[in-house]
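Undergrad: File follows, work.txt with compact mmCIF, C-alpha atoms and all ligand atoms:
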# COMPACT_ATOMS: atom_id res chain seq x y z
CA MET Q 558 1.91 43.91 22.92
CA ALA Q 559 -0.44 42.45 25.51
CA VAL Q 560 -2.89 41.48 22.72
CA THR Q 561 -0.12 39.68 20.78
CA ARG Q 562 0.90 37.78 23.91
CA SER Q 563 -2.70 36.82 24.55
CA ILE Q 564 -3.07 35.52 20.96
CA GLN Q 565 0.19 33.59 21.31
CA THR Q 566 -1.03 32.06 24.60
CA THR Q 567 -4.36 31.08 23.00
CA ILE Q 568 -2.55 29.43 20.07
CA ALA Q 569 -0.15 27.64 22.46
CA ILE Q 570 -3.06 26.33 24.56
CA LYS Q 571 -4.89 25.21 21.40
CA ILE Q 572 -1.79 23.36 20.13
CA ASN Q 573 -1.23 21.77 23.55
CA THR Q 574 -4.81 20.53 23.79
CA MET Q 575 -4.97 19.36 20.18
CA LYS Q 576 -5.65 15.69 19.68
CA LEU Q 577 -3.14 14.68 17.01
CA ASP Q 578 -2.71 11.22 15.55
CA TYR Q 579 1.02 10.66 15.90
CA ILE Q 580 0.91 7.53 13.79
CA ALA Q 581 1.32 10.07 10.94
CA LEU Q 582 4.97 10.38 11.97
CA ALA Q 583 5.52 6.92 10.52
CA ILE Q 584 5.48 8.60 7.07
CA PRO Q 585 8.56 10.86 7.56
CA PHE Q 586 10.18 8.06 9.60
CA PHE Q 587 9.98 5.52 6.78
CA ALA Q 588 10.64 8.19 4.11
CA PHE Q 589 13.90 8.97 5.91
CA PHE Q 590 15.05 5.34 5.64
CA MET Q 591 14.02 5.22 1.97
CA CYS Q 592 16.15 8.30 1.26
CA LEU Q 593 19.03 6.88 3.31
CA GLU Q 594 18.90 3.60 1.38
CA TYR Q 595 18.84 5.52 -1.91
CA TYR Q 596 21.80 7.66 -0.85
CA ILE Q 597 23.89 4.67 0.33
CA SER Q 598 23.10 2.62 -2.78
CA LYS Q 599 24.24 5.53 -5.00
CA LYS Q 600 27.45 5.85 -2.98
CA ARG Q 601 28.10 2.12 -3.43
CA ASN Q 602 27.26 2.37 -7.15
CA LYS Q 603 24.42 -0.11 -6.73
CA GLU Q 604 21.48 0.41 -9.09
CA ILE Q 605 18.58 -0.85 -6.98
CA HIS Q 606 16.02 1.91 -7.59
CA ARG Q 607 14.19 2.53 -10.84
CA PHE Q 608 12.19 5.74 -10.95
CA ASN Q 609 8.94 4.23 -12.25
CA GLU Q 610 9.09 1.21 -9.92
CA SER Q 611 9.74 3.34 -6.82
CA VAL Q 612 6.95 5.79 -7.67
CA ALA Q 613 4.51 2.94 -8.33
CA ASN Q 614 5.46 1.27 -5.02
CA LEU Q 615 4.99 4.48 -3.04
CA ASN Q 616 1.64 5.18 -4.64
CA VAL Q 617 0.27 1.74 -3.77
CA GLY Q 618 1.32 2.39 -0.15
CA ILE Q 619 -0.23 5.87 -0.06
CA VAL Q 620 -3.67 4.47 -0.88
CA GLU Q 621 -3.25 1.68 1.68
CA ARG Q 622 -2.45 4.22 4.42
CA ILE Q 623 -5.42 6.46 3.66
CA SER Q 624 -7.78 3.46 3.40
CA ASP Q 625 -6.47 2.35 6.77
CA LEU Q 626 -7.99 5.45 8.35
CA LEU Q 627 -11.38 4.22 7.24
CA THR Q 628 -10.89 0.52 8.05
CA THR Q 629 -8.92 0.48 11.36
CA GLY Q 630 -11.97 1.61 13.35
CA LEU Q 631 -14.02 -1.08 11.68
CA PHE Q 632 -11.47 -3.77 12.57
CA PHE Q 633 -11.37 -2.56 16.16
CA PHE Q 634 -15.17 -2.70 16.30
CA VAL Q 635 -15.24 -6.27 14.92
CA PHE Q 636 -12.40 -7.45 17.21
CA ASN Q 637 -14.14 -5.86 20.20
CA TRP Q 638 -17.47 -7.48 19.30
CA LEU Q 639 -15.80 -10.89 18.94
CA TYR Q 640 -14.03 -10.36 22.28
CA GLN Q 641 -17.23 -9.34 24.08
CA ASN Q 642 -19.30 -12.19 22.67
CA PHE Q 643 -17.03 -15.13 21.93
CA ALA Q 644 -13.87 -14.87 24.09
CA PHE Q 645 -12.96 -18.36 25.25
CA PHE Q 646 -10.59 -17.25 28.04
CA SER Q 647 -10.18 -13.97 29.89
CA ILE Q 648 -6.51 -13.20 29.33
CA GLN Q 649 -4.97 -10.54 31.59
CA SER Q 650 -2.14 -8.29 30.42
CA THR Q 651 1.07 -9.76 31.91
CA PHE Q 652 4.59 -10.20 30.57
CA THR Q 653 3.88 -13.87 29.74
CA THR Q 654 0.61 -13.11 27.94
CA TRP Q 655 2.31 -10.39 25.86
CA ILE Q 656 4.93 -12.96 24.79
CA LEU Q 657 2.18 -15.47 24.03
CA LEU Q 658 0.27 -12.86 22.02
CA PHE Q 659 3.40 -11.98 20.06
CA LEU Q 660 3.97 -15.66 19.22
CA ALA Q 661 0.28 -16.08 18.30
CA THR Q 662 0.21 -13.01 15.99
CA ASP Q 663 3.43 -14.08 14.28
CA PHE Q 664 2.19 -17.66 13.89
CA LEU Q 665 -1.09 -16.45 12.38
CA TRP Q 666 0.84 -14.09 10.09
CA TYR Q 667 2.80 -17.06 8.79
CA TRP Q 668 -0.42 -18.86 7.81
CA TYR Q 669 -2.07 -15.72 6.47
CA HIS Q 670 1.00 -15.09 4.32
CA ARG Q 671 1.32 -18.72 3.20
CA SER Q 672 -2.37 -18.75 2.22
CA GLY Q 673 -1.74 -15.48 0.41
CA HIS Q 674 0.58 -17.38 -1.91
CA LEU Q 675 -1.21 -20.69 -2.18
CA VAL Q 676 -4.91 -19.75 -2.36
CA ASN Q 677 -6.11 -17.77 -5.39
CA LEU Q 678 -8.62 -15.67 -3.45
CA PHE Q 679 -5.90 -14.39 -1.11
CA TRP Q 680 -3.24 -14.20 -3.83
CA ALA Q 681 -5.53 -11.76 -5.68
CA ALA Q 682 -4.86 -9.36 -2.77
CA HIS Q 683 -1.25 -10.25 -1.96
CA ILE Q 684 0.05 -10.33 -5.56
CA VAL Q 685 0.33 -6.52 -5.55
CA HIS Q 686 3.10 -6.71 -2.93
CA HIS Q 687 5.14 -8.93 -5.26
CA GLN Q 688 4.69 -7.08 -8.55
CA SER Q 689 7.74 -4.85 -8.23
CA ASP Q 690 10.80 -6.05 -10.11
CA ASP Q 691 12.88 -3.96 -7.72
CA PHE Q 692 13.59 -4.81 -4.12
CA ASN Q 693 14.20 -1.93 -1.73
CA TYR Q 694 12.43 -0.06 1.07
CA THR Q 695 9.86 1.36 -1.37
CA THR Q 696 8.77 -2.24 -2.06
CA ALA Q 697 7.83 -2.49 1.63
CA ALA Q 698 5.28 0.29 1.07
CA ARG Q 699 3.64 -1.79 -1.61
CA ILE Q 700 0.73 -3.17 0.39
CA THR Q 701 -3.01 -2.90 -0.15
CA VAL Q 702 -6.10 -2.55 1.98
CA PHE Q 703 -7.29 -5.92 0.61
CA GLN Q 704 -4.33 -7.54 2.35
CA ALA Q 705 -5.34 -5.85 5.60
CA VAL Q 706 -8.79 -7.43 5.25
CA ALA Q 707 -7.32 -10.91 4.66
CA ARG Q 708 -4.94 -10.45 7.60
CA GLY Q 709 -7.78 -9.20 9.82
CA LEU Q 710 -9.65 -12.41 9.01
CA PHE Q 711 -6.78 -14.52 10.37
CA TRP Q 712 -6.16 -12.28 13.37
CA SER Q 713 -9.85 -12.31 14.35
CA ILE Q 714 -9.04 -15.65 16.01
CA LEU Q 715 -7.10 -13.70 18.71
CA PRO Q 716 -10.04 -11.87 20.38
CA MET Q 717 -11.97 -15.15 20.26
CA ILE Q 718 -9.16 -16.83 22.21
CA GLY Q 719 -9.52 -14.03 24.78
CA PHE Q 720 -6.81 -11.45 24.03
CA GLU Q 721 -8.04 -7.88 24.57
CA PRO Q 722 -8.40 -5.85 21.32
CA GLU Q 723 -6.22 -3.05 22.80
CA MET Q 724 -3.40 -5.55 23.34
CA ILE Q 725 -3.82 -6.97 19.85
CA PHE Q 726 -3.76 -3.53 18.21
CA SER Q 727 -0.62 -2.51 20.12
CA LEU Q 728 1.17 -5.61 18.93
CA LEU Q 729 0.03 -5.14 15.36
CA LEU Q 730 2.15 -1.98 15.27
CA ILE Q 731 5.23 -4.21 15.48
CA HIS Q 732 3.90 -6.30 12.62
CA GLY Q 733 3.39 -3.08 10.66
CA ALA Q 734 6.88 -1.70 11.28
CA TYR Q 735 9.23 -4.70 11.43
CA PRO Q 736 8.82 -6.03 7.85
CA PHE Q 737 9.72 -2.62 6.41
CA PHE Q 738 13.34 -3.22 7.42
CA THR Q 739 13.57 -6.63 5.77
CA HIS Q 740 13.04 -5.10 2.30
CA THR Q 741 16.59 -4.16 1.40
CA GLN Q 742 19.52 -5.42 -0.63
CA LEU Q 743 22.02 -3.36 1.33
CA VAL Q 744 22.08 -5.55 4.44
CA GLY Q 745 23.90 -8.88 4.16
CA LYS Q 746 23.53 -11.88 6.43
CA LEU Q 747 23.19 -11.06 10.11
CA GLY Q 748 25.00 -13.86 11.96
CA TRP Q 749 23.07 -15.57 14.76
CA LEU Q 750 19.99 -13.38 14.12
CA GLU Q 751 19.45 -15.43 10.95
CA TYR Q 752 18.49 -18.43 13.12
CA ILE Q 753 15.63 -16.65 14.91
CA PHE Q 754 14.41 -13.60 13.02
CA VAL Q 755 13.26 -12.93 9.48
CA THR Q 756 16.17 -10.97 8.02
CA PRO Q 757 16.63 -9.03 4.77
CA SER Q 758 18.38 -12.11 3.35
CA HIS Q 759 15.34 -14.29 4.11
CA HIS Q 760 12.89 -11.81 2.68
CA ARG Q 761 14.96 -11.34 -0.51
CA ILE Q 762 14.32 -15.04 -1.13
CA HIS Q 763 10.62 -14.52 -0.54
CA HIS Q 764 10.44 -11.77 -3.18
CA SER Q 765 12.40 -13.61 -5.84
CA SER Q 766 11.05 -15.70 -8.68
CA ASN Q 767 13.99 -18.13 -8.98
CA ASP Q 768 12.59 -21.69 -9.12
CA GLU Q 769 14.39 -22.82 -5.98
CA TYR Q 770 13.11 -19.82 -4.01
CA LEU Q 771 9.40 -19.97 -4.95
CA ASP Q 772 6.93 -20.05 -2.01
CA LYS Q 773 9.61 -19.82 0.66
CA ASN Q 774 10.17 -17.76 3.84
CA PHE Q 775 6.66 -16.57 4.71
CA GLY Q 776 7.51 -15.43 8.26
CA ASP Q 777 7.07 -11.85 9.43
CA VAL Q 778 9.25 -11.41 12.55
CA LEU Q 779 10.31 -14.97 13.40
CA ILE Q 780 11.80 -17.37 10.85
CA ILE Q 781 11.12 -20.39 13.09
CA TRP Q 782 7.69 -21.09 11.53
CA ASP Q 783 9.24 -21.60 8.09
CA LYS Q 784 11.77 -23.98 9.61
CA ILE Q 785 9.06 -25.91 11.48
CA PHE Q 786 6.64 -26.14 8.54
CA GLY Q 787 9.22 -26.84 5.82
CA THR Q 788 9.14 -23.62 3.80
CA PHE Q 789 12.57 -22.28 4.72
CA ALA Q 790 15.23 -21.49 2.11
CA GLU Q 791 18.63 -19.91 2.53
CA GLU Q 792 20.03 -17.29 0.16
CA THR Q 793 22.64 -19.02 -1.95
CA VAL Q 794 22.26 -17.61 -5.48
CA GLN Q 795 21.43 -14.06 -6.58
CA PRO Q 796 17.64 -13.55 -6.42
CA LYS Q 797 15.66 -12.32 -9.42
CA TYR Q 798 12.93 -10.08 -8.02
CA GLY Q 799 9.26 -9.80 -9.03
CA LEU Q 800 6.62 -12.15 -10.38
CA THR Q 801 7.54 -15.20 -12.47
CA LYS Q 802 5.76 -13.41 -15.34
CA SER Q 803 6.57 -9.74 -14.92
CA LEU Q 804 3.56 -7.40 -14.98
CA GLU Q 805 5.34 -4.65 -16.95
CA SER Q 806 2.68 -2.13 -16.03
CA HIS Q 807 2.55 0.74 -13.57
CA SER Q 808 -1.15 1.38 -13.94
CA PHE Q 809 -2.58 1.53 -10.42
CA LEU Q 810 -5.86 -0.07 -11.46
CA TRP Q 811 -4.30 -2.84 -13.54
CA GLN Q 812 -1.89 -3.71 -10.71
CA HIS Q 813 -4.74 -4.05 -8.25
CA PHE Q 814 -7.32 -5.85 -10.32
CA HIS Q 815 -5.61 -7.84 -13.09
CA TYR Q 816 -5.52 -11.04 -11.04
CA ALA Q 817 -9.15 -10.72 -9.93
CA LEU Q 818 -10.06 -10.38 -13.63
CA GLU Q 819 -7.95 -13.42 -14.47
CA LEU Q 820 -9.87 -15.36 -11.82
CA ILE Q 821 -13.22 -14.20 -13.20
CA VAL Q 822 -12.25 -15.41 -16.68
CA ALA Q 823 -10.93 -18.72 -15.28
CA PHE Q 824 -14.13 -19.12 -13.21
CA ARG Q 825 -16.32 -18.59 -16.26
CA MET Q 826 -14.24 -21.04 -18.29
CA ALA Q 827 -14.42 -23.72 -15.57
CA LYS Q 828 -17.10 -26.27 -16.40
CA THR Q 829 -17.91 -28.07 -13.15
CA ILE Q 830 -18.60 -26.75 -9.64
CA LYS Q 831 -15.43 -28.53 -8.46
CA GLN Q 832 -13.36 -26.73 -11.10
CA LYS Q 833 -14.97 -23.41 -10.21
CA LEU Q 834 -14.19 -23.89 -6.51
CA LYS Q 835 -10.62 -24.73 -7.51
CA VAL Q 836 -10.39 -21.36 -9.25
CA ILE Q 837 -11.29 -19.58 -6.00
CA PHE Q 838 -9.55 -21.74 -3.40
CA GLY Q 839 -6.97 -23.57 -5.50
CA SER Q 840 -3.36 -22.73 -6.20
CA PRO Q 841 -2.30 -19.79 -8.42
CA GLN Q 842 -0.08 -22.26 -10.30
CA ASN Q 843 -3.20 -23.81 -11.83
CA ILE Q 844 -4.43 -20.57 -13.42
CA ASP Q 845 -3.70 -20.62 -17.14
CA PRO Q 846 -1.08 -17.88 -17.82
CA ARG Q 847 -2.59 -17.35 -21.29
CA ILE Q 848 -5.58 -15.65 -19.58
CA ARG Q 849 -3.33 -12.75 -18.51
CA THR Q 850 -1.94 -12.39 -22.04
CA LEU Q 851 -5.49 -12.34 -23.37
CA LEU Q 852 -6.61 -9.69 -20.87
CA GLU Q 853 -3.50 -7.60 -21.45
CA ARG Q 854 -4.27 -7.51 -25.13
CA LYS Q 855 -7.84 -6.36 -24.41
CA LEU Q 856 -7.41 -4.03 -21.44
CA SER Q 857 -3.87 -3.16 -20.51
CA GLN Q 858 -2.53 -1.81 -23.84
CA LYS Q 859 1.12 -2.14 -22.87
CA ASN Q 860 3.09 0.98 -23.58
CA THR Q 861 6.50 0.15 -24.92
CA THR Q 862 7.83 3.71 -24.57
CA ILE Q 863 9.69 4.04 -21.31
CA GLU Q 864 11.34 7.36 -22.11
CA TYR Q 865 9.82 10.07 -19.94
CA SER Q 866 10.05 13.76 -20.75
CA GLU Q 867 11.64 15.97 -18.09
CA ASN Q 868 8.32 17.71 -17.52
CA LEU Q 869 6.57 14.39 -17.01
CA ILE Q 870 9.15 13.28 -14.43
CA LYS Q 871 8.79 16.62 -12.65
CA ALA Q 872 4.98 16.32 -12.64
CA ILE Q 873 5.12 12.74 -11.30
CA LYS Q 874 7.49 13.79 -8.51
CA VAL Q 875 5.27 16.74 -7.56
CA LYS Q 876 2.12 14.62 -7.64
CA THR Q 877 3.61 11.88 -5.46
CA SER Q 878 4.99 14.42 -2.97
CA VAL Q 879 1.62 16.20 -2.77
CA SER Q 880 -0.15 12.88 -2.18
CA MET Q 881 2.29 12.06 0.63
CA LEU Q 882 1.86 15.48 2.25
CA VAL Q 883 -1.94 15.30 2.03
CA LEU Q 884 -1.76 11.82 3.55
CA PHE Q 885 0.53 13.00 6.38
CA PHE Q 886 -1.66 15.94 7.39
CA THR Q 887 -4.88 13.94 6.97
CA ILE Q 888 -3.64 11.27 9.40
CA LEU Q 889 -2.19 13.87 11.79
CA PHE Q 890 -5.45 15.83 12.00
CA SER Q 891 -7.77 12.85 11.46
CA HIS Q 892 -9.66 13.55 14.72
CA TYR Q 893 -10.80 16.88 13.27
CA ILE Q 894 -11.83 15.72 9.82
CA SER Q 895 -15.49 14.92 9.23
CA ILE Q 896 -16.34 11.64 7.54
CA ASN Q 897 -17.59 13.53 4.44
CA ASN Q 898 -14.33 15.44 4.09
CA LEU Q 899 -12.34 12.26 4.73
CA PHE Q 900 -14.25 10.69 1.87
CA PHE Q 901 -13.36 13.65 -0.43
CA ILE Q 902 -9.69 13.52 0.62
CA THR Q 903 -9.54 9.75 0.08
CA SER Q 904 -11.12 10.16 -3.36
CA PHE Q 905 -8.60 12.91 -4.16
CA ILE Q 906 -5.67 10.69 -3.16
CA VAL Q 907 -6.99 7.64 -5.03
CA LEU Q 908 -7.51 9.75 -8.17
CA SER Q 909 -4.03 11.29 -7.78
CA VAL Q 910 -2.49 7.85 -7.54
CA ILE Q 911 -4.45 6.57 -10.55
CA ALA Q 912 -3.31 9.70 -12.42
CA THR Q 913 0.32 9.08 -11.45
CA GLY Q 914 0.07 5.49 -12.68
CA ALA Q 915 -1.46 6.75 -15.92
CA MET Q 916 1.41 9.25 -16.28
CA LEU Q 917 3.97 6.47 -15.79
CA GLU Q 918 2.14 4.64 -18.56
CA GLN Q 919 2.03 7.89 -20.59
CA ARG Q 920 -1.74 7.78 -20.99
CA GLN Q 921 -3.18 10.84 -22.68
CA TRP Q 922 -6.53 10.57 -20.86
CA VAL Q 923 -4.88 11.62 -17.60
CA PHE Q 924 -6.07 15.18 -18.27
CA HIS Q 925 -9.69 14.17 -17.58
CA LEU Q 926 -8.62 12.85 -14.18
CA GLU Q 927 -6.87 16.17 -13.49
CA PHE Q 928 -10.18 17.93 -14.02
CA VAL Q 929 -11.99 15.62 -11.59
CA ARG Q 930 -9.18 16.07 -9.03
CA PHE Q 931 -9.41 19.84 -9.36
CA THR Q 932 -13.18 19.76 -8.92
CA LEU Q 933 -12.76 17.63 -5.79
CA VAL Q 934 -10.31 20.15 -4.31
CA CYS Q 935 -12.83 22.93 -4.98
CA ILE Q 936 -15.64 20.92 -3.31
CA LEU Q 937 -13.39 20.19 -0.33
CA LEU Q 938 -12.39 23.84 0.08
CA SER Q 939 -16.04 24.90 -0.11
CA SER Q 940 -16.91 22.28 2.50
CA VAL Q 941 -14.13 23.26 4.93
CA PHE Q 942 -14.60 27.04 4.42
CA PRO Q 943 -18.29 27.43 3.60
CA ILE Q 944 -18.11 31.18 2.94
CA ASP Q 945 -19.47 32.92 -0.16
CA TYR Q 946 -16.03 34.02 -1.36
CA VAL Q 947 -14.52 30.49 -1.37
CA ILE Q 948 -17.63 28.85 -2.85
CA GLY Q 949 -17.90 31.56 -5.53
CA LEU Q 950 -14.22 31.42 -6.50
CA SER Q 951 -14.19 27.59 -6.58
CA SER Q 952 -17.27 27.47 -8.84
CA PHE Q 953 -15.79 30.17 -11.07
CA LEU Q 954 -12.50 28.27 -11.51
CA VAL Q 955 -14.28 25.01 -12.36
CA LEU Q 956 -16.38 26.91 -14.89
CA VAL Q 957 -13.31 28.48 -16.49
CA TRP Q 958 -11.71 25.03 -16.77
CA LEU Q 959 -14.86 23.71 -18.47
CA LEU Q 960 -15.02 26.68 -20.87
CA PHE Q 961 -11.42 26.23 -21.99
CA TYR Q 962 -11.36 22.45 -21.63
CA ASN Q 963 -10.06 21.60 -25.10
CA SER Q 964 -7.33 24.20 -25.32
CA LEU Q 965 -6.18 23.43 -21.76
CA GLN Q 966 -6.06 19.76 -22.68
CA THR Q 967 -3.88 20.42 -25.74
CA LYS Q 968 -1.49 22.57 -23.70
CA TYR Q 969 -1.34 20.01 -20.87
CA ARG Q 970 -0.56 17.13 -23.22
CA ALA Q 971 2.05 19.15 -25.08
CA TYR Q 972 3.71 20.06 -21.77
CA LEU Q 973 3.78 16.52 -20.36
CA PHE Q 974 4.21 14.38 -23.42
CA GLN Q 975 5.76 16.98 -25.74
CA THR Q 976 3.36 16.14 -28.50
CA GLU Q 977 3.53 19.46 -30.29
ZN ZN J 1001 4.45 -12.73 0.00
ZN ZN J 1002 7.73 -8.23 1.30
As structure tokens, how would this structure be written, given the file I've shared?

TA:
Amino acid sequence: MAVTRSIQTTIAIKINTMKLDYIALAIPFFAFFMCLEYYISKKRNKEIHRFNESVANLNVGIVERISDLLTTGLFFFVFNWLYQNFAFFSIQSTFTTWILLFLATDFLWYWYHRSGHLVNLFWAAHIVHHQSDDFNYTTAARITVFQAVARGLFWSILPMIGFEPEMIFSLLLIHGAYPFFTHTQLVGKLGWLEYIFVTPSHHRIHHSSNDEYLDKNFGDVLIIWDKIFGTFAEETVQPKYGLTKSLESHSFLWQHFHYALELIVAFRMAKTIKQKLKVIFGSPQNIDPRIRTLLERKLSQKNTTIEYSENLIKAIKVKTSVSMLVLFFTILFSHYISINNLFFITSFIVLSVIATGAMLEQRQWVFHLEFVRFTLVCILLSSVFPIDYVIGLSSFLVLVWLLFYNSLQTKYRAYLFQTE
């Protein structure tokens, strides 16, 4: 009895002194609103979620979150270095300076976002956010680490002005959370708030490809910048969501890199230095749309079958849920994970997400990725629990998989794609 109590006390002390990263709670928090939106839309008989679109959106966001673990420290280091070496003023933390910082971050966001649409180099990163033909809270998750880099570039002006990096990072949390709530079709116009803040109505315009709505409403929290700089549009007709030329692909890799490839082709085709520079820094409107068609024919191999077997849907749901759980616990316990293990976990998540995209596209080669994922799990387990039993069992299981590779592959394909 006394021993049990002592163990319980030890566990309680350990839990109390544990250094957890509570930013992980953002995952169940946002997941709750996604489920709530889904539930309400069903009740109102509004079809605003497609299975493949929602899964693809979530998977893009999962990779962004895990990459963030690796890049946030780097951004903090760079911001701190700029602050220590180049700060123009020494700005103290007061109510007025917090307001000024909020205005400055939102103003810079406006220009970062506007450049994201008007400069090819930045559009190559931001395009991913606009690829979904659906518009709901899952679309908000559709952001990439490349966007974070572009944004960081704009925000690096702040430490040089003299704002402390701690202040900047606290405020960036608002810029991370606020836009989530503007990605919904369930909230109508919001009265006087429409004059000051970016609302769901404003952001619906931003995500639509109607001619009159193109390149409008770039603001993040405040809509005033769009009004000042002439890019404001009000929602008058029903928006049509997604890119002007729909991507029609849920392949994770294609979504992330198709535009960069289009730019490479356009760059090679450009004859003069001026034309080449225009490919990098010019407007996306000047990139020949036939390049995408050409690349699609070569690389994307569009799959016209959109019927998924029940097993495939089940497998995609399980895979996405596992990725989200791994992400949640990795962030929560990030202070206890070595950089090597973090690398393995990130690789596992990236491969899982690529595999999910391949499943949505019904690619048969997904089995090979499953093998690599399994091997990674075995390596990770052996690294976390370096005891003979775990290492031996992991090696044995990988060996068994290799020995029965072909027959396992046939069974796997038959199960997912019902090919037999
Ligand atoms: Zn945008
Ligand atoms: Zn958006």

Undergrad: When you look at segment 695-701 of chain Q with a cut-off of 6 Å (counting only C-alpha atoms), what residues show up, excluding the ones that are within fewer than 5 positions of it in the same chain? I need them as a PyMOL selection string.

TA: chain Q and resi 611+614-615+617-618+621+686+737+740

Undergrad: Excluding Thr903 of chain Q and any residue of its chain fewer than 4 positions from it, enumerate the residues within 7 Å of it, using all atoms listed in the file, and give them as a list in words.

TA: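 Close residues of Thr903 of chain Q: Ile623, Leu899 and Val907 of chain Q.
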
Undergrad: Can you check which parts of chain Q lie within 9 Å of ligand ZN 1001 (chain J)? Per residue, the shortest pair of atoms and distance in Å to one decimal, counting all atoms listed in the file, sorted by chain and number, as JSON lines.

TA:
{"residue": "Q:His670", "atom": "CA", "partner": "J:ZN1001", "partner_atom": "ZN", "distance": 6.0}
{"residue": "Q:Arg671", "atom": "CA", "partner": "J:ZN1001", "partner_atom": "ZN", "distance": 7.5}
{"residue": "Q:Gly673", "atom": "CA", "partner": "J:ZN1001", "partner_atom": "ZN", "distance": 6.8}
{"residue": "Q:His674", "atom": "CA", "partner": "J:ZN1001", "partner_atom": "ZN", "distance": 6.3}
{"residue": "Q:Trp680", "atom": "CA", "partner": "J:ZN1001", "partner_atom": "ZN", "distance": 8.7}
{"residue": "Q:His683", "atom": "CA", "partner": "J:ZN1001", "partner_atom": "ZN", "distance": 6.5}
{"residue": "Q:Ile684", "atom": "CA", "partner": "J:ZN1001", "partner_atom": "ZN", "distance": 7.5}
{"residue": "Q:His686", "atom": "CA", "partner": "J:ZN1001", "partner_atom": "ZN", "distance": 6.8}
{"residue": "Q:His687", "atom": "CA", "partner": "J:ZN1001", "partner_atom": "ZN", "distance": 6.5}
{"residue": "Q:His760", "atom": "CA", "partner": "J:ZN1001", "partner_atom": "ZN", "distance": 8.9}
{"residue": "Q:His763", "atom": "CA", "partner": "J:ZN1001", "partner_atom": "ZN", "distance": 6.4}
{"residue": "Q:His764", "atom": "CA", "partner": "J:ZN1001", "partner_atom": "ZN", "distance": 6.8}
{"residue": "Q:Asp772", "atom": "CA", "partner": "J:ZN1001", "partner_atom": "ZN", "distance": 8.0}
{"residue": "Q:Lys773", "atom": "CA", "partner": "J:ZN1001", "partner_atom": "ZN", "distance": 8.8}
{"residue": "Q:Asn774", "atom": "CA", "partner": "J:ZN1001", "partner_atom": "ZN", "distance": 8.5}
{"residue": "Q:Phe775", "atom": "CA", "partner": "J:ZN1001", "partner_atom": "ZN", "distance": 6.5}

Undergrad: Which of these residues is nearest to Pro796 of chain Q, using all atoms listed in the file: Q:Leu771, Q:Ile656, Q:Leu779, Q:Ala872?

TA: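 Ranked by minimum distance to Pro796 of chain Q, first place goes to Q:Leu771.
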
Undergrad: Which residue is closest to Ser952 of chain Q? Choose from Q:Leu675, Q:Ile731, Q:Val934, Q:Leu965 and count all atoms listed in the file.

TA: Q:Val934

Undergrad: Using 4 Å of padding on each side, determine the axis-aligned box around all atoms of segment 848-854 of chain Q present in the file and give its centre and edge lengths in Å to one decimal, as lines of an AutoDock Vina configuration file.

TA:
center_x = -4.3
center_y = -11.6
center_z = -21.8
size_x = 12.7
size_y = 16.1
size_z = 14.6

Undergrad: For segment 698-709 of chain Q, supply N, CA and C atoms and format the output as a compact mmCIF listing (two decimals), in the coordinates of the input.

TA:
# COMPACT_ATOMS: atom_id res chain seq x y z
N ALA Q 698 6.50 -0.54 1.04
CA ALA Q 698 5.28 0.29 1.07
C ALA Q 698 4.18 -0.31 0.21
N ARG Q 699 4.57 -1.27 -0.63
CA ARG Q 699 3.64 -1.79 -1.61
C ARG Q 699 2.67 -2.80 -1.00
N ILE Q 700 1.74 -2.30 -0.19
CA ILE Q 700 0.73 -3.17 0.39
C ILE Q 700 -0.65 -2.56 0.15
N THR Q 701 -1.68 -3.40 0.18
CA THR Q 701 -3.01 -2.90 -0.15
C THR Q 701 -3.98 -3.13 1.01
N VAL Q 702 -5.07 -2.41 0.94
CA VAL Q 702 -6.10 -2.55 1.98
C VAL Q 702 -6.75 -3.94 1.92
N PHE Q 703 -6.71 -4.56 0.74
CA PHE Q 703 -7.29 -5.92 0.61
C PHE Q 703 -6.50 -6.92 1.45
N GLN Q 704 -5.17 -6.69 1.51
CA GLN Q 704 -4.33 -7.54 2.35
C GLN Q 704 -4.70 -7.38 3.81
N ALA Q 705 -4.97 -6.12 4.21
CA ALA Q 705 -5.34 -5.85 5.60
C ALA Q 705 -6.61 -6.62 5.96
N VAL Q 706 -7.54 -6.70 5.00
CA VAL Q 706 -8.79 -7.43 5.25
C VAL Q 706 -8.50 -8.91 5.45
N ALA Q 707 -7.66 -9.48 4.55
CA ALA Q 707 -7.32 -10.91 4.66
C ALA Q 707 -6.61 -11.19 5.99
N ARG Q 708 -5.70 -10.29 6.36
CA ARG Q 708 -4.94 -10.45 7.60
C ARG Q 708 -5.88 -10.37 8.81
N GLY Q 709 -6.81 -9.39 8.74
CA GLY Q 709 -7.78 -9.20 9.82
C GLY Q 709 -8.60 -10.47 10.05
